[in-house]
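Colleague: My structure is stored as query_21.txt, with compact mmCIF, C-alpha atoms.
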# COMPACT_ATOMS: atom_id res chain seq x y z
CA MET A 1440 27.32 9.67 31.46
CA PRO A 1441 25.47 10.29 28.15
CA THR A 1442 23.47 7.42 26.75
CA SER A 1443 25.03 5.93 23.63
CA ARG A 1444 22.91 5.88 20.52
CA THR A 1445 22.95 3.72 17.45
CA ARG A 1446 23.71 5.12 14.01
CA GLY A 1447 20.03 4.82 13.17
CA GLN A 1448 19.11 6.91 16.18
CA ARG A 1449 21.72 9.50 15.24
CA ALA A 1450 20.12 9.68 11.81
CA GLY A 1451 16.80 10.47 13.50
CA LEU A 1452 15.00 7.54 11.92
CA THR A 1453 12.21 5.32 13.20
CA ARG A 1454 11.00 1.98 11.90
CA GLN A 1455 7.93 3.79 10.56
CA ASP A 1456 10.19 6.16 8.62
CA VAL A 1457 11.99 3.22 7.04
CA LEU A 1458 8.81 1.38 6.06
CA GLY A 1459 7.14 4.55 4.79
CA ALA A 1460 10.13 5.35 2.60
CA ALA A 1461 10.21 1.78 1.29
CA LEU A 1462 6.54 1.87 0.33
CA ALA A 1463 6.96 5.26 -1.32
CA LEU A 1464 9.89 3.90 -3.34
CA VAL A 1465 7.89 0.85 -4.44
CA ASP A 1466 4.93 3.08 -5.36
CA ARG A 1467 7.18 5.23 -7.49
CA GLU A 1468 9.50 2.71 -9.15
CA GLY A 1469 8.27 -0.82 -8.42
CA LEU A 1470 9.30 -3.73 -6.25
CA GLU A 1471 12.25 -4.67 -8.44
CA VAL A 1472 14.24 -1.58 -7.42
CA LEU A 1473 13.86 -2.13 -3.68
CA SER A 1474 17.10 -3.03 -1.93
CA MET A 1475 18.67 -2.08 1.37
CA ARG A 1476 21.28 -0.03 -0.48
CA ARG A 1477 18.70 1.85 -2.55
CA LEU A 1478 16.46 2.44 0.46
CA GLY A 1479 19.39 3.71 2.47
CA ALA A 1480 20.16 6.17 -0.31
CA GLU A 1481 16.54 7.35 -0.25
CA LEU A 1482 16.83 8.03 3.48
CA GLY A 1483 20.32 9.50 3.30
CA VAL A 1484 21.98 6.76 5.36
CA GLU A 1485 24.15 3.73 4.68
CA ALA A 1486 22.38 0.43 4.09
CA MET A 1487 23.77 -1.03 7.33
CA THR A 1488 21.86 1.60 9.32
CA LEU A 1489 18.57 0.07 8.19
CA TYR A 1490 19.34 -3.20 9.99
CA HIS A 1491 18.56 -1.43 13.27
CA TYR A 1492 14.93 -1.44 12.12
CA VAL A 1493 14.52 -4.51 9.90
CA SER A 1494 16.67 -7.57 10.41
CA ASN A 1495 16.93 -8.48 6.71
CA LYS A 1496 15.30 -8.03 3.31
CA GLU A 1497 12.56 -10.52 4.16
CA ALA A 1498 11.65 -8.54 7.27
CA LEU A 1499 11.56 -5.40 5.14
CA LEU A 1500 9.11 -7.01 2.73
CA ASP A 1501 6.92 -8.15 5.63
CA GLY A 1502 7.07 -4.61 6.95
CA LEU A 1503 5.90 -3.28 3.59
CA VAL A 1504 2.77 -5.42 3.78
CA GLU A 1505 2.29 -4.24 7.36
CA GLN A 1506 2.67 -0.62 6.25
CA LEU A 1507 0.03 -1.06 3.58
CA PHE A 1508 -2.46 -2.74 5.90
CA ALA A 1509 -1.87 -0.04 8.50
CA GLU A 1510 -4.04 2.08 6.21
CA VAL A 1511 -6.93 -0.33 6.85
CA ILE A 1512 -8.88 0.43 10.01
CA ALA A 1513 -9.85 -2.85 11.65
CA PRO A 1514 -13.37 -2.96 13.11
CA GLN A 1515 -13.53 -3.23 16.88
CA ASP A 1516 -16.33 -4.37 19.19
CA SER A 1517 -19.21 -1.99 18.68
CA SER A 1518 -22.95 -1.75 18.98
CA GLY A 1519 -23.24 -1.35 15.23
CA SER A 1520 -23.86 -3.92 12.52
CA TRP A 1521 -21.16 -6.51 11.92
CA GLN A 1522 -22.16 -6.48 8.26
CA ALA A 1523 -21.46 -2.74 8.10
CA ASP A 1524 -18.14 -3.23 9.91
CA LEU A 1525 -17.04 -5.92 7.44
CA ARG A 1526 -18.24 -3.89 4.48
CA ASN A 1527 -16.21 -0.89 5.64
CA TYR A 1528 -13.21 -3.14 6.27
CA ALA A 1529 -13.44 -4.65 2.78
CA HIS A 1530 -13.72 -1.25 1.14
CA ALA A 1531 -10.81 0.13 3.17
CA MET A 1532 -8.68 -2.85 2.14
CA ARG A 1533 -9.64 -2.41 -1.51
CA GLU A 1534 -8.78 1.28 -1.45
CA ALA A 1535 -5.45 0.66 0.30
CA LEU A 1536 -4.47 -1.95 -2.29
CA LEU A 1537 -5.54 0.20 -5.23
CA ALA A 1538 -3.52 3.08 -3.79
CA HIS A 1539 -0.37 0.94 -3.94
CA PRO A 1540 -0.69 -1.22 -7.09
CA ASN A 1541 3.04 -1.97 -7.27
CA ALA A 1542 2.83 -3.65 -3.85
CA ILE A 1543 -0.11 -5.92 -4.71
CA PRO A 1544 2.07 -8.88 -5.85
CA LEU A 1545 3.87 -8.71 -2.51
CA VAL A 1546 0.61 -8.81 -0.54
CA VAL A 1547 -0.59 -11.78 -2.58
CA SER A 1548 2.65 -13.73 -2.19
CA ARG A 1549 3.42 -13.49 1.54
CA PRO A 1550 1.33 -13.76 4.74
CA ALA A 1551 3.43 -11.15 6.60
CA VAL A 1552 2.54 -12.24 10.13
CA THR A 1553 3.62 -9.11 11.99
CA SER A 1554 2.35 -7.64 15.25
CA ARG A 1555 0.41 -4.90 13.46
CA ASN A 1556 -1.28 -7.32 11.08
CA LEU A 1557 -2.17 -9.64 13.95
CA GLU A 1558 -3.81 -6.69 15.71
CA ILE A 1559 -6.02 -6.21 12.65
CA VAL A 1560 -6.99 -9.89 12.65
CA GLU A 1561 -7.72 -9.74 16.37
CA GLY A 1562 -9.98 -6.73 15.88
CA VAL A 1563 -12.00 -8.42 13.13
CA LEU A 1564 -12.35 -11.61 15.16
CA ALA A 1565 -13.53 -9.60 18.17
CA THR A 1566 -16.26 -8.00 16.07
CA LEU A 1567 -17.40 -11.32 14.63
CA HIS A 1568 -17.29 -13.18 17.93
CA ALA A 1569 -19.36 -10.46 19.60
CA ALA A 1570 -21.90 -10.84 16.78
CA GLY A 1571 -22.33 -14.56 17.49
CA PHE A 1572 -19.80 -16.24 15.19
CA THR A 1573 -17.68 -18.99 16.66
CA LEU A 1574 -14.00 -18.14 16.55
CA GLU A 1575 -13.35 -20.87 13.99
CA VAL A 1576 -16.09 -19.65 11.64
CA GLY A 1577 -15.01 -16.08 12.25
CA LEU A 1578 -11.52 -16.92 11.03
CA ASP A 1579 -13.01 -18.57 7.94
CA VAL A 1580 -15.02 -15.40 7.32
CA LEU A 1581 -11.90 -13.25 7.63
CA PHE A 1582 -9.81 -15.41 5.29
CA SER A 1583 -12.66 -15.60 2.78
CA LEU A 1584 -13.21 -11.85 2.82
CA THR A 1585 -9.51 -11.06 2.50
CA GLY A 1586 -9.12 -13.53 -0.36
CA PHE A 1587 -12.11 -12.02 -2.14
CA VAL A 1588 -10.76 -8.48 -1.88
CA LEU A 1589 -7.29 -9.51 -3.04
CA GLY A 1590 -8.71 -11.49 -5.95
CA HIS A 1591 -10.96 -8.63 -6.98
CA VAL A 1592 -8.10 -6.12 -6.93
CA VAL A 1593 -5.76 -8.43 -8.86
CA THR A 1594 -8.34 -9.01 -11.60
CA ALA A 1595 -9.48 -5.36 -11.61
CA THR A 1596 -6.01 -3.93 -12.25
CA SER A 1597 -3.81 -4.18 -15.32
CA PRO A 1598 -0.15 -5.31 -15.15
CA GLY A 1599 0.77 -1.63 -15.12
CA GLY A 1600 -1.39 -1.00 -12.07
CA GLU A 1601 -4.21 0.80 -13.91
CA LEU A 1602 -7.80 0.11 -12.86
CA VAL A 1603 -9.48 -1.95 -15.57
CA ASP A 1604 -12.69 -0.48 -16.96
CA ALA A 1605 -15.25 -3.14 -16.05
CA SER A 1606 -17.72 -1.80 -18.60
CA GLU A 1607 -15.20 -2.73 -21.29
CA GLN A 1608 -15.81 -6.38 -20.44
CA VAL A 1609 -19.48 -5.93 -21.27
CA ARG A 1610 -18.70 -4.11 -24.51
CA ASN A 1611 -16.35 -6.89 -25.52
CA LEU A 1612 -19.31 -9.26 -25.45
CA SER A 1613 -21.53 -7.09 -27.60
CA ASP A 1614 -20.32 -8.74 -30.82
CA VAL A 1615 -20.90 -12.37 -29.83
CA ASP A 1616 -23.06 -14.35 -32.23
CA PRO A 1617 -26.57 -14.47 -30.71
CA GLY A 1618 -27.31 -17.56 -32.72
CA GLU A 1619 -24.44 -19.47 -31.11
CA PHE A 1620 -24.53 -17.82 -27.68
CA PRO A 1621 -28.10 -16.54 -27.22
CA LEU A 1622 -28.00 -16.25 -23.45
CA LEU A 1623 -24.65 -14.50 -23.38
CA ALA A 1624 -25.70 -12.07 -26.11
CA ALA A 1625 -28.93 -11.24 -24.28
CA ALA A 1626 -27.11 -10.78 -20.99
CA ALA A 1627 -24.54 -8.46 -22.58
CA ALA A 1628 -27.26 -6.45 -24.31
CA GLY A 1629 -29.15 -5.99 -21.06
CA ALA A 1630 -26.14 -5.24 -18.88
CA SER A 1631 -25.53 -1.64 -17.98
CA SER A 1632 -22.45 -0.27 -19.70
CA GLN A 1633 -22.13 2.05 -16.71
CA ALA A 1634 -21.55 -0.82 -14.27
CA GLY A 1635 -18.03 -0.36 -12.99
CA ALA A 1636 -15.59 -2.39 -10.96
CA LYS A 1637 -16.80 -0.90 -7.68
CA SER A 1638 -20.46 -1.76 -8.29
CA ARG A 1639 -19.50 -5.35 -9.11
CA PHE A 1640 -17.36 -5.39 -5.99
CA ASP A 1641 -20.37 -4.32 -3.92
CA PHE A 1642 -22.61 -6.87 -5.63
CA ALA A 1643 -20.26 -9.74 -4.76
CA LEU A 1644 -19.56 -8.36 -1.28
CA ASP A 1645 -23.26 -8.18 -0.43
CA ALA A 1646 -23.70 -11.78 -1.59
CA MET A 1647 -20.79 -12.88 0.62
CA LEU A 1648 -22.20 -11.06 3.64
CA ALA A 1649 -25.56 -12.77 3.12
CA GLY A 1650 -23.77 -16.12 3.07
CA PHE A 1651 -21.80 -15.21 6.21
CA GLU A 1652 -25.10 -14.50 7.97
CA GLN A 1653 -26.27 -18.02 7.21
CA ALA A 1654 -23.00 -19.38 8.57
CA ARG A 1655 -23.43 -17.29 11.73
CA ILE A 1656 -26.92 -18.68 12.32
CA THR A 1657 -25.89 -22.30 11.86
CA SER A 1658 -22.49 -22.17 13.58
Show the structure stored in the file as structure tokens.

Modeller:
Amino acid sequence: MPTSRTRGQRAGLTRQDVLGAALALVDREGLEVLSMRRLGAELGVEAMTLYHYVSNKEALLDGLVEQLFAEVIAPQDSSGSWQADLRNYAHAMREALLAHPNAIPLVVSRPAVTSRNLEIVEGVLATLHAAGFTLEVGLDVLFSLTGFVLGHVVTATSPGGELVDASEQVRNLSDVDPGEFPLLAAAAAGASSQAGAKSRFDFALDAMLAGFEQARITS
């Protein structure tokens, strides 16, 4: 007797297909257009077919965050430097977020505790624990690093998703009154107009990693 298949199976879809199409739609037209009906139209199926893969709209949104973070390679136990692993992780997260600016508000607003995201957390904790962090401090490190990357990306992008020119911030300070704000004027004059968002990201990231090292030693 032939095995019966669901409508979703007959359509040749997988959960990955559904989430990939959803993220592509959000990238192209924004979060506000995302609905089960619109996504079904994108995939050439009825909206009800999608419920074989995501139980409701909330699950779809969680899946979108999962799909985005799937682009981030979590560090695993290795013989390398934990600082290098975290630095690579932070940069991968930054690049993934900048590649999908329309999805950034979604990432900021929901934890999206899915199996794939938990695998990423587990991998980071394994790296930190092997390096000598307690699990509790390791989790603090992970939350702090993730919050830093998210905050940086939110402040480094415009409402339209464009990357803000960090050097513009320095130029905006060039006209301050040196008599009223002598330190600020001197700092702006001495700052490199070539310093971009990425260099400031690295500056702050290195400072965080140095602080994490102190926490590792004392934990």

Colleague: Compare A:Val1592, A:Val1504, A:Leu1452, A:Ala1531 by their minimum atom-to-atom distance to Thr1553 in chain A, counting only C-alpha atoms, and give me the closest one.

Modeller: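 Looking at the shortest contact to Thr1553 in chain A, the residue is A:Val1504.
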
Colleague: Take CA of Gln1653 in chain A and CA of Pro1550 in chain A and report the distance between them in Å, one decimal.

Modeller: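 Separation between CA of Gln1653 in chain A and CA of Pro1550 in chain A: 28.0 Å.
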
Colleague: Take CA of Glu1471 in chain A and CA of Ala1538 in chain A and report the distance between them in Å, one decimal.

Modeller: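 About the pair CA of Glu1471 in chain A and CA of Ala1538 in chain A: they are 18.2 Å apart.
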
Colleague: Do a neighbour search on Thr1585 in chain A at 9 Å with only C-alpha atoms, toss out local chain neighbours closer than 4 positions, and write the hits as a ChimeraX atom specification.

Modeller: /A:1529,1532,1580-1581,1589-1590

Colleague: Using only C-alpha atoms, determine which residues lie at most 10 Å from range 1560-1573 of chain A, disregarding the query and same-chain residues fewer than 2 positions distant; provide the list as a compact mmCIF listing (two decimals) with C-alpha atoms, in the frame of the given file.

Modeller:
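And here's selection-v3.txt as it stands now:
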# COMPACT_ATOMS: atom_id res chain seq x y z
CA ILE A 1512 -8.88 0.43 10.01
CA ALA A 1513 -9.85 -2.85 11.65
CA PRO A 1514 -13.37 -2.96 13.11
CA GLN A 1515 -13.53 -3.23 16.88
CA ASP A 1516 -16.33 -4.37 19.19
CA SER A 1517 -19.21 -1.99 18.68
CA SER A 1518 -22.95 -1.75 18.98
CA GLY A 1519 -23.24 -1.35 15.23
CA SER A 1520 -23.86 -3.92 12.52
CA TRP A 1521 -21.16 -6.51 11.92
CA GLN A 1522 -22.16 -6.48 8.26
CA ASP A 1524 -18.14 -3.23 9.91
CA LEU A 1525 -17.04 -5.92 7.44
CA TYR A 1528 -13.21 -3.14 6.27
CA SER A 1554 2.35 -7.64 15.25
CA ARG A 1555 0.41 -4.90 13.46
CA ASN A 1556 -1.28 -7.32 11.08
CA LEU A 1557 -2.17 -9.64 13.95
CA GLU A 1558 -3.81 -6.69 15.71
CA GLU A 1575 -13.35 -20.87 13.99
CA VAL A 1576 -16.09 -19.65 11.64
CA GLY A 1577 -15.01 -16.08 12.25
CA LEU A 1578 -11.52 -16.92 11.03
CA ASP A 1579 -13.01 -18.57 7.94
CA VAL A 1580 -15.02 -15.40 7.32
CA LEU A 1581 -11.90 -13.25 7.63
CA PHE A 1582 -9.81 -15.41 5.29
CA PHE A 1651 -21.80 -15.21 6.21
CA GLU A 1652 -25.10 -14.50 7.97
CA ALA A 1654 -23.00 -19.38 8.57
CA ARG A 1655 -23.43 -17.29 11.73
CA ILE A 1656 -26.92 -18.68 12.32
CA THR A 1657 -25.89 -22.30 11.86
CA SER A 1658 -22.49 -22.17 13.58

Colleague: Point out the residue among A:Ala1649, A:Val1588, A:Tyr1492, A:Asp1616 with the least atom-to-atom distance to Asn1527 in chain A, counting only C-alpha atoms.

Modeller: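 The shortest atom-to-atom distance to Asn1527 in chain A comes from A:Val1588.
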
Colleague: Mind checking which residues fall within 9 Å of range 1497-1499 of chain A, counting only C-alpha atoms, ignoring those fewer than 4 positions away in the same chain, and posting them as number ranges by chain?

Modeller: A: 1457-1458, 1461, 1475, 1492-1493, 1503-1504, 1551

Colleague: One decimal, Å: what's the distance from CA of Gly1502 in chain A over to CA of Arg1526 in chain A, could you say?

Modeller: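 CA of Arg1526 in chain A lies 25.4 Å from CA of Gly1502 in chain A.
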
Colleague: Residues within 12 Å of Phe1640 in chain A, please, as number ranges by chain. Count all atoms listed in the file; anything in the same chain fewer than 2 positions from it doesn't count.

Modeller: A: 1526, 1529-1530, 1533-1534, 1584, 1587-1592, 1594-1595, 1605, 1634-1638, 1642-1647

Colleague: Restricted to C-alpha atoms, what would the selected residues look like written as a PDB file, in the frame of the given file?

Modeller:
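So the final result, stored in result-v9.pdb, reads:
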ATOM      1  CA  ARG A1526     -18.240  -3.890   4.480  1.00  0.00           C
ATOM      2  CA  ALA A1529     -13.440  -4.650   2.780  1.00  0.00           C
ATOM      3  CA  HIS A1530     -13.720  -1.250   1.140  1.00  0.00           C
ATOM      4  CA  ARG A1533      -9.640  -2.410  -1.510  1.00  0.00           C
ATOM      5  CA  GLU A1534      -8.780   1.280  -1.450  1.00  0.00           C
ATOM      6  CA  LEU A1584     -13.210 -11.850   2.820  1.00  0.00           C
ATOM      7  CA  PHE A1587     -12.110 -12.020  -2.140  1.00  0.00           C
ATOM      8  CA  VAL A1588     -10.760  -8.480  -1.880  1.00  0.00           C
ATOM      9  CA  LEU A1589      -7.290  -9.510  -3.040  1.00  0.00           C
ATOM     10  CA  GLY A1590      -8.710 -11.490  -5.950  1.00  0.00           C
ATOM     11  CA  HIS A1591     -10.960  -8.630  -6.980  1.00  0.00           C
ATOM     12  CA  VAL A1592      -8.100  -6.120  -6.930  1.00  0.00           C
ATOM     13  CA  THR A1594      -8.340  -9.010 -11.600  1.00  0.00           C
ATOM     14  CA  ALA A1595      -9.480  -5.360 -11.610  1.00  0.00           C
ATOM     15  CA  ALA A1605     -15.250  -3.140 -16.050  1.00  0.00           C
ATOM     16  CA  ALA A1634     -21.550  -0.820 -14.270  1.00  0.00           C
ATOM     17  CA  GLY A1635     -18.030  -0.360 -12.990  1.00  0.00           C
ATOM     18  CA  ALA A1636     -15.590  -2.390 -10.960  1.00  0.00           C
ATOM     19  CA  LYS A1637     -16.800  -0.900  -7.680  1.00  0.00           C
ATOM     20  CA  SER A1638     -20.460  -1.760  -8.290  1.00  0.00           C
ATOM     21  CA  PHE A1642     -22.610  -6.870  -5.630  1.00  0.00           C
ATOM     22  CA  ALA A1643     -20.260  -9.740  -4.760  1.00  0.00           C
ATOM     23  CA  LEU A1644     -19.560  -8.360  -1.280  1.00  0.00           C
ATOM     24  CA  ASP A1645     -23.260  -8.180  -0.430  1.00  0.00           C
ATOM     25  CA  ALA A1646     -23.700 -11.780  -1.590  1.00  0.00           C
ATOM     26  CA  MET A1647     -20.790 -12.880   0.620  1.00  0.00           C
TER      27      MET A1647
END

Colleague: Excluding same-chain residues fewer than 2 positions from Ala1625 in chain A, what lies within 12 Å of it counting all atoms listed in the file, as a PyMOL selection string?

Modeller: chain A and resi 1609+1612-1623+1627-1631

Colleague: Considering all atoms listed in the file, state which residue in the set A:Val1593, A:Ile1543, A:Val1552, A:Ala1460 is at the smallest distance from Gly1479 in chain A.

Modeller: A:Ala1460
